[in-house]
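Q: Supplied in structure tokens, the structure appears directly below.
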Amino acid sequence: MSYGQQDWGVVKIGQRKSRTNNKKPTKKQTQEAMRTGNVEVRKKNNNEGRKMYQLENDNEVRKHQTLGVSVGRKILQARNAKKITQKQLAQQCSVKVTVINDYERGKAIPDNRLLTRMERILGVSLRENSKKKTRK
């Protein structure tokens with residue numbers, strides 16, 4: 001097999017020559033423009049830097065809303081009434097035992113799906129109704 005007729009030159013695809021002359025001015029040209037007053041000074045708007053500074057220097061302590069001790073007591077009482085352990089309840093809810101423990105201590109961040117599962121398994125309403133009945 002002969003490669004004598006092959007063209008081994010470099011072929012550049014997709015590169016275009018610039019049609020506009022977007023050259024930056026030299027330092028000398030910039031200084032001359034500043035001396036004559038033909039320069040417009042603009043301040044860069046850098047909101048990202050300000051936001052990052054605020055995040056880094058934020059001293060506020062923010063806490064998530066937790067479930068509360070009253071709901072934890074309801075879970076504990078209903079679980080004891082059904083005579084099941086935290087491990088058994090966790091298996092039925094498909095969560096870890098530590099999650100059930102956090103819910104009973106009132107330290108967990110509420111998850112409506114998990115609360116619904118526990119209500120169904122334990123047969124007790126764990127959440128208080130947010131809409132109060134009004135009498136006329």
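In the structure tokens, chains take letters A, B, ... by order of appearance, with residues numbered from 1 within each chain and ligands from 1 in the order shown.
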Show me, as a PyMOL selection string, the residues that have an atom within 12 Å of Ser125 in chain A when counting only C-alpha atoms, minus same-chain residues fewer than 3 positions from it.

A: chain A and resi 71+74-75+77-78+115-122+128-129

Q: For those residues, write all heavy atoms to a file as a short mmCIF file (atom, residue, chain, number, x, y, z; two decimals), in the first residue's frame.

A:
data_model
loop_
_atom_site.label_atom_id
_atom_site.label_comp_id
_atom_site.auth_asym_id
_atom_site.auth_seq_id
_atom_site.Cartn_x
_atom_site.Cartn_y
_atom_site.Cartn_z
N VAL A 71 -46.08 16.65 68.97
CA VAL A 71 -46.26 15.63 67.94
C VAL A 71 -45.42 14.41 68.28
O VAL A 71 -45.86 13.27 68.09
CB VAL A 71 -45.88 16.20 66.54
CG1 VAL A 71 -46.00 15.12 65.48
CG2 VAL A 71 -46.74 17.38 66.20
N LYS A 74 -47.28 12.34 70.74
CA LYS A 74 -48.37 11.60 70.10
C LYS A 74 -47.85 10.35 69.40
O LYS A 74 -48.46 9.28 69.47
CB LYS A 74 -49.09 12.48 69.08
CG LYS A 74 -49.96 13.56 69.67
CD LYS A 74 -50.63 14.36 68.57
CE LYS A 74 -51.44 15.50 69.12
NZ LYS A 74 -52.06 16.30 68.05
N ILE A 75 -46.70 10.50 68.71
CA ILE A 75 -46.12 9.34 68.01
C ILE A 75 -45.73 8.28 69.03
O ILE A 75 -46.01 7.08 68.86
CB ILE A 75 -44.89 9.77 67.17
CG1 ILE A 75 -45.31 10.69 66.03
CG2 ILE A 75 -44.15 8.55 66.62
CD1 ILE A 75 -44.16 11.33 65.29
N GLN A 77 -46.87 7.78 72.12
CA GLN A 77 -48.03 7.16 72.75
C GLN A 77 -48.73 6.20 71.80
O GLN A 77 -49.13 5.09 72.20
CB GLN A 77 -49.01 8.24 73.23
CG GLN A 77 -48.49 9.03 74.42
CD GLN A 77 -49.36 10.23 74.74
OE1 GLN A 77 -50.30 10.55 74.01
NE2 GLN A 77 -49.02 10.93 75.83
N ALA A 78 -48.89 6.58 70.55
CA ALA A 78 -49.55 5.71 69.58
C ALA A 78 -48.71 4.46 69.31
O ALA A 78 -49.25 3.37 69.16
CB ALA A 78 -49.79 6.48 68.28
N LEU A 115 -45.18 11.82 57.72
CA LEU A 115 -46.23 11.98 58.74
C LEU A 115 -47.52 11.27 58.32
O LEU A 115 -48.18 10.64 59.15
CB LEU A 115 -46.50 13.47 58.99
CG LEU A 115 -45.44 14.19 59.82
CD1 LEU A 115 -45.71 15.69 59.83
CD2 LEU A 115 -45.41 13.66 61.23
N THR A 116 -47.86 11.34 57.04
CA THR A 116 -49.06 10.65 56.55
C THR A 116 -48.91 9.15 56.69
O THR A 116 -49.85 8.46 57.11
CB THR A 116 -49.31 11.03 55.07
OG1 THR A 116 -49.40 12.44 54.96
CG2 THR A 116 -50.58 10.40 54.55
N ARG A 117 -47.72 8.62 56.37
CA ARG A 117 -47.48 7.18 56.52
C ARG A 117 -47.61 6.76 57.98
O ARG A 117 -48.23 5.73 58.29
CB ARG A 117 -46.06 6.83 56.04
CG ARG A 117 -46.00 6.48 54.60
CD ARG A 117 -44.64 5.89 54.26
NE ARG A 117 -44.15 6.55 53.07
CZ ARG A 117 -42.91 6.97 52.86
NH1 ARG A 117 -41.99 6.79 53.76
NH2 ARG A 117 -42.59 7.57 51.75
N MET A 118 -47.02 7.56 58.88
CA MET A 118 -47.09 7.21 60.30
C MET A 118 -48.52 7.29 60.81
O MET A 118 -48.94 6.46 61.61
CB MET A 118 -46.17 8.12 61.12
CG MET A 118 -44.71 7.75 61.00
SD MET A 118 -43.65 8.47 62.25
CE MET A 118 -43.44 10.12 61.65
N GLU A 119 -49.29 8.28 60.35
CA GLU A 119 -50.69 8.38 60.75
C GLU A 119 -51.47 7.14 60.31
O GLU A 119 -52.28 6.61 61.06
CB GLU A 119 -51.33 9.63 60.14
CG GLU A 119 -50.91 10.92 60.79
CD GLU A 119 -51.46 12.14 60.09
OE1 GLU A 119 -51.88 12.05 58.93
OE2 GLU A 119 -51.48 13.21 60.73
N ARG A 120 -51.20 6.69 59.09
CA ARG A 120 -51.90 5.51 58.58
C ARG A 120 -51.50 4.26 59.36
O ARG A 120 -52.36 3.45 59.73
CB ARG A 120 -51.57 5.34 57.09
CG ARG A 120 -52.47 4.38 56.38
CD ARG A 120 -52.29 4.32 54.87
NE ARG A 120 -51.30 5.19 54.28
CZ ARG A 120 -50.06 4.79 53.90
NH1 ARG A 120 -49.69 3.55 54.08
NH2 ARG A 120 -49.22 5.65 53.34
N ILE A 121 -50.22 4.10 59.64
CA ILE A 121 -49.74 2.90 60.35
C ILE A 121 -50.20 2.90 61.79
O ILE A 121 -50.66 1.88 62.31
CB ILE A 121 -48.20 2.81 60.26
CG1 ILE A 121 -47.77 2.53 58.82
CG2 ILE A 121 -47.66 1.74 61.20
CD1 ILE A 121 -46.29 2.71 58.57
N LEU A 122 -50.10 4.06 62.45
CA LEU A 122 -50.45 4.13 63.87
C LEU A 122 -51.95 4.33 64.11
O LEU A 122 -52.44 4.08 65.21
CB LEU A 122 -49.67 5.26 64.55
CG LEU A 122 -48.14 5.11 64.54
CD1 LEU A 122 -47.48 6.37 65.07
CD2 LEU A 122 -47.72 3.90 65.35
N GLU A 128 -52.06 18.88 63.86
CA GLU A 128 -53.21 19.69 64.27
C GLU A 128 -53.81 20.34 63.04
O GLU A 128 -53.09 20.70 62.11
CB GLU A 128 -52.78 20.76 65.27
CG GLU A 128 -52.22 20.18 66.54
CD GLU A 128 -51.71 21.26 67.48
OE1 GLU A 128 -51.96 22.45 67.19
OE2 GLU A 128 -51.08 20.92 68.46
N ASN A 129 -55.12 20.48 63.02
CA ASN A 129 -55.76 21.12 61.88
C ASN A 129 -55.44 22.60 61.90
O ASN A 129 -55.63 23.28 62.90
CB ASN A 129 -57.28 20.92 61.93
CG ASN A 129 -57.65 19.46 61.73
OD1 ASN A 129 -56.88 18.72 61.13
ND2 ASN A 129 -58.80 19.08 62.22
#

Q: Assign secondary structure with DSSP using the backbone only, and return the residues of range 35-71 of chain A in helix (DSSP H, G or I) as a list in words.

A: Arg35, Thr36, Asn47, Glu48, Gly49, Arg50, Lys51, Met52, Tyr53, Gln54, Leu55, Glu56, Val69, Ser70 and Val71 of chain A

Q: Got time to write the residues from that selection, all heavy atoms, as a tab-separated table (two decimals), in the first residue's frame?

A:
chain	number	residue	atom	x	y	z
A	35	ARG	N	-5.10	62.04	28.95
A	35	ARG	CA	-4.59	63.40	29.02
A	35	ARG	C	-5.50	64.38	28.29
A	35	ARG	O	-5.72	65.50	28.75
A	35	ARG	CB	-3.18	63.46	28.42
A	35	ARG	CG	-2.12	63.36	29.47
A	35	ARG	CD	-0.73	63.62	28.92
A	35	ARG	NE	-0.03	62.33	28.91
A	35	ARG	CZ	0.49	61.75	27.85
A	35	ARG	NH1	0.46	62.34	26.69
A	35	ARG	NH2	1.07	60.58	27.94
A	36	THR	N	-6.04	63.94	27.17
A	36	THR	CA	-6.87	64.84	26.37
A	36	THR	C	-8.33	64.84	26.84
A	36	THR	O	-9.12	65.67	26.41
A	36	THR	CB	-6.83	64.44	24.89
A	36	THR	OG1	-7.28	63.09	24.75
A	36	THR	CG2	-5.45	64.60	24.32
A	47	ASN	N	-22.38	42.50	41.18
A	47	ASN	CA	-23.27	42.10	42.27
A	47	ASN	C	-22.86	40.77	42.87
A	47	ASN	O	-23.14	40.51	44.03
A	47	ASN	CB	-24.72	42.02	41.78
A	47	ASN	CG	-25.30	43.40	41.54
A	47	ASN	OD1	-24.84	44.37	42.14
A	47	ASN	ND2	-26.27	43.50	40.67
A	48	GLU	N	-22.24	39.91	42.08
A	48	GLU	CA	-21.84	38.60	42.60
A	48	GLU	C	-20.85	38.75	43.73
A	48	GLU	O	-20.93	38.06	44.74
A	48	GLU	CB	-21.23	37.74	41.49
A	48	GLU	CG	-22.22	36.89	40.80
A	48	GLU	CD	-21.56	35.92	39.84
A	48	GLU	OE1	-20.50	35.37	40.18
A	48	GLU	OE2	-22.12	35.72	38.76
A	49	GLY	N	-19.90	39.64	43.57
A	49	GLY	CA	-18.90	39.85	44.62
A	49	GLY	C	-19.54	40.33	45.90
A	49	GLY	O	-19.17	39.91	47.00
A	50	ARG	N	-20.53	41.23	45.79
A	50	ARG	CA	-21.22	41.74	46.96
A	50	ARG	C	-22.00	40.63	47.65
A	50	ARG	O	-22.00	40.51	48.88
A	50	ARG	CB	-22.16	42.87	46.54
A	50	ARG	CG	-22.78	43.58	47.73
A	50	ARG	CD	-23.71	44.71	47.36
A	50	ARG	NE	-23.18	45.59	46.34
A	50	ARG	CZ	-23.86	45.92	45.24
A	50	ARG	NH1	-25.06	45.46	45.03
A	50	ARG	NH2	-23.34	46.74	44.36
A	51	LYS	N	-22.67	39.78	46.87
A	51	LYS	CA	-23.44	38.68	47.45
A	51	LYS	C	-22.54	37.69	48.17
A	51	LYS	O	-22.87	37.22	49.25
A	51	LYS	CB	-24.24	37.97	46.36
A	51	LYS	CG	-25.40	38.78	45.84
A	51	LYS	CD	-26.12	38.06	44.73
A	51	LYS	CE	-27.19	38.93	44.09
A	51	LYS	NZ	-27.83	38.26	42.96
A	52	MET	N	-21.40	37.39	47.55
A	52	MET	CA	-20.46	36.46	48.19
A	52	MET	C	-19.93	37.06	49.50
A	52	MET	O	-19.78	36.36	50.49
A	52	MET	CB	-19.29	36.15	47.25
A	52	MET	CG	-19.69	35.33	46.04
A	52	MET	SD	-20.45	33.76	46.46
A	52	MET	CE	-19.07	32.90	47.12
A	53	TYR	N	-19.65	38.37	49.51
A	53	TYR	CA	-19.17	39.03	50.72
A	53	TYR	C	-20.23	38.94	51.82
A	53	TYR	O	-19.91	38.67	52.97
A	53	TYR	CB	-18.85	40.50	50.41
A	53	TYR	CG	-18.42	41.29	51.62
A	53	TYR	CD1	-17.13	41.18	52.12
A	53	TYR	CD2	-19.32	42.12	52.27
A	53	TYR	CE1	-16.74	41.88	53.24
A	53	TYR	CE2	-18.95	42.83	53.39
A	53	TYR	CZ	-17.66	42.72	53.87
A	53	TYR	OH	-17.28	43.42	54.98
A	54	GLN	N	-21.49	39.17	51.45
A	54	GLN	CA	-22.57	39.10	52.43
A	54	GLN	C	-22.72	37.70	52.99
A	54	GLN	O	-22.94	37.52	54.19
A	54	GLN	CB	-23.89	39.56	51.81
A	54	GLN	CG	-23.96	41.05	51.57
A	54	GLN	CD	-25.20	41.46	50.81
A	54	GLN	OE1	-25.92	40.63	50.28
A	54	GLN	NE2	-25.46	42.76	50.75
A	55	LEU	N	-22.59	36.68	52.12
A	55	LEU	CA	-22.70	35.30	52.59
A	55	LEU	C	-21.57	34.94	53.55
A	55	LEU	O	-21.78	34.29	54.56
A	55	LEU	CB	-22.69	34.33	51.41
A	55	LEU	CG	-23.99	34.20	50.64
A	55	LEU	CD1	-23.77	33.33	49.41
A	55	LEU	CD2	-25.08	33.63	51.51
A	56	GLU	N	-20.35	35.37	53.22
A	56	GLU	CA	-19.21	35.04	54.05
A	56	GLU	C	-19.27	35.74	55.40
A	56	GLU	O	-18.83	35.20	56.41
A	56	GLU	CB	-17.91	35.40	53.33
A	56	GLU	CG	-17.60	34.48	52.19
A	56	GLU	CD	-16.38	34.93	51.40
A	56	GLU	OE1	-15.74	35.93	51.79
A	56	GLU	OE2	-16.06	34.26	50.41
A	69	VAL	N	-42.43	19.03	70.29
A	69	VAL	CA	-42.49	17.94	71.26
A	69	VAL	C	-43.88	17.31	71.32
A	69	VAL	O	-44.02	16.11	71.54
A	69	VAL	CB	-42.06	18.46	72.65
A	69	VAL	CG1	-42.10	17.36	73.70
A	69	VAL	CG2	-40.68	19.08	72.59
A	70	SER	N	-44.93	18.09	71.11
A	70	SER	CA	-46.29	17.56	71.23
A	70	SER	C	-46.56	16.47	70.19
A	70	SER	O	-47.18	15.45	70.51
A	70	SER	CB	-47.33	18.68	71.10
A	70	SER	OG	-47.24	19.27	69.82
A	71	VAL	N	-46.08	16.65	68.97
A	71	VAL	CA	-46.26	15.63	67.94
A	71	VAL	C	-45.42	14.41	68.28
A	71	VAL	O	-45.86	13.27	68.09
A	71	VAL	CB	-45.88	16.20	66.54
A	71	VAL	CG1	-46.00	15.12	65.48
A	71	VAL	CG2	-46.74	17.38	66.20

Q: Rounded to one decimal in Å, what is the spacing between CA of Ile109 in chain A and CA of Asn57 in chain A?

A: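 Taking CA of Ile109 in chain A and CA of Asn57 in chain A, their separation equals 26.4 Å.
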
Q: Considering only C-alpha atoms, can you say which of A:Gln6, A:Ser94, A:Thr66, A:Asn59 comes closest to Leu114 in chain A?

A: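 Checking each candidate against Leu114 in chain A, we get A:Ser94 as the closest.
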
Q: Any idea what the distance is between CA of Glu104 in chain A and CA of Arg73 in chain A?

A: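 Between these atoms lies a distance of 6.3 Å.
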
Q: From the list A:Lys27, A:Lys12, A:Arg113, A:Arg127, which residue is nearest Gly72 in chain A when using only C-alpha atoms?

A: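 Closest candidate: A:Arg127.
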
Q: Using only C-alpha atoms for the distances, tell me which of A:Lys23, A:Gly37, A:Gln86, A:His64 is nearest to Thr98 in chain A.

A: A:Gln86

Q: For a test of reading the model, state the distance in Å between CA of Asn101 in chain A and CA of Thr85 in chain A, rounded to one decimal.

A: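 Those two atoms sit 10.6 Å apart.
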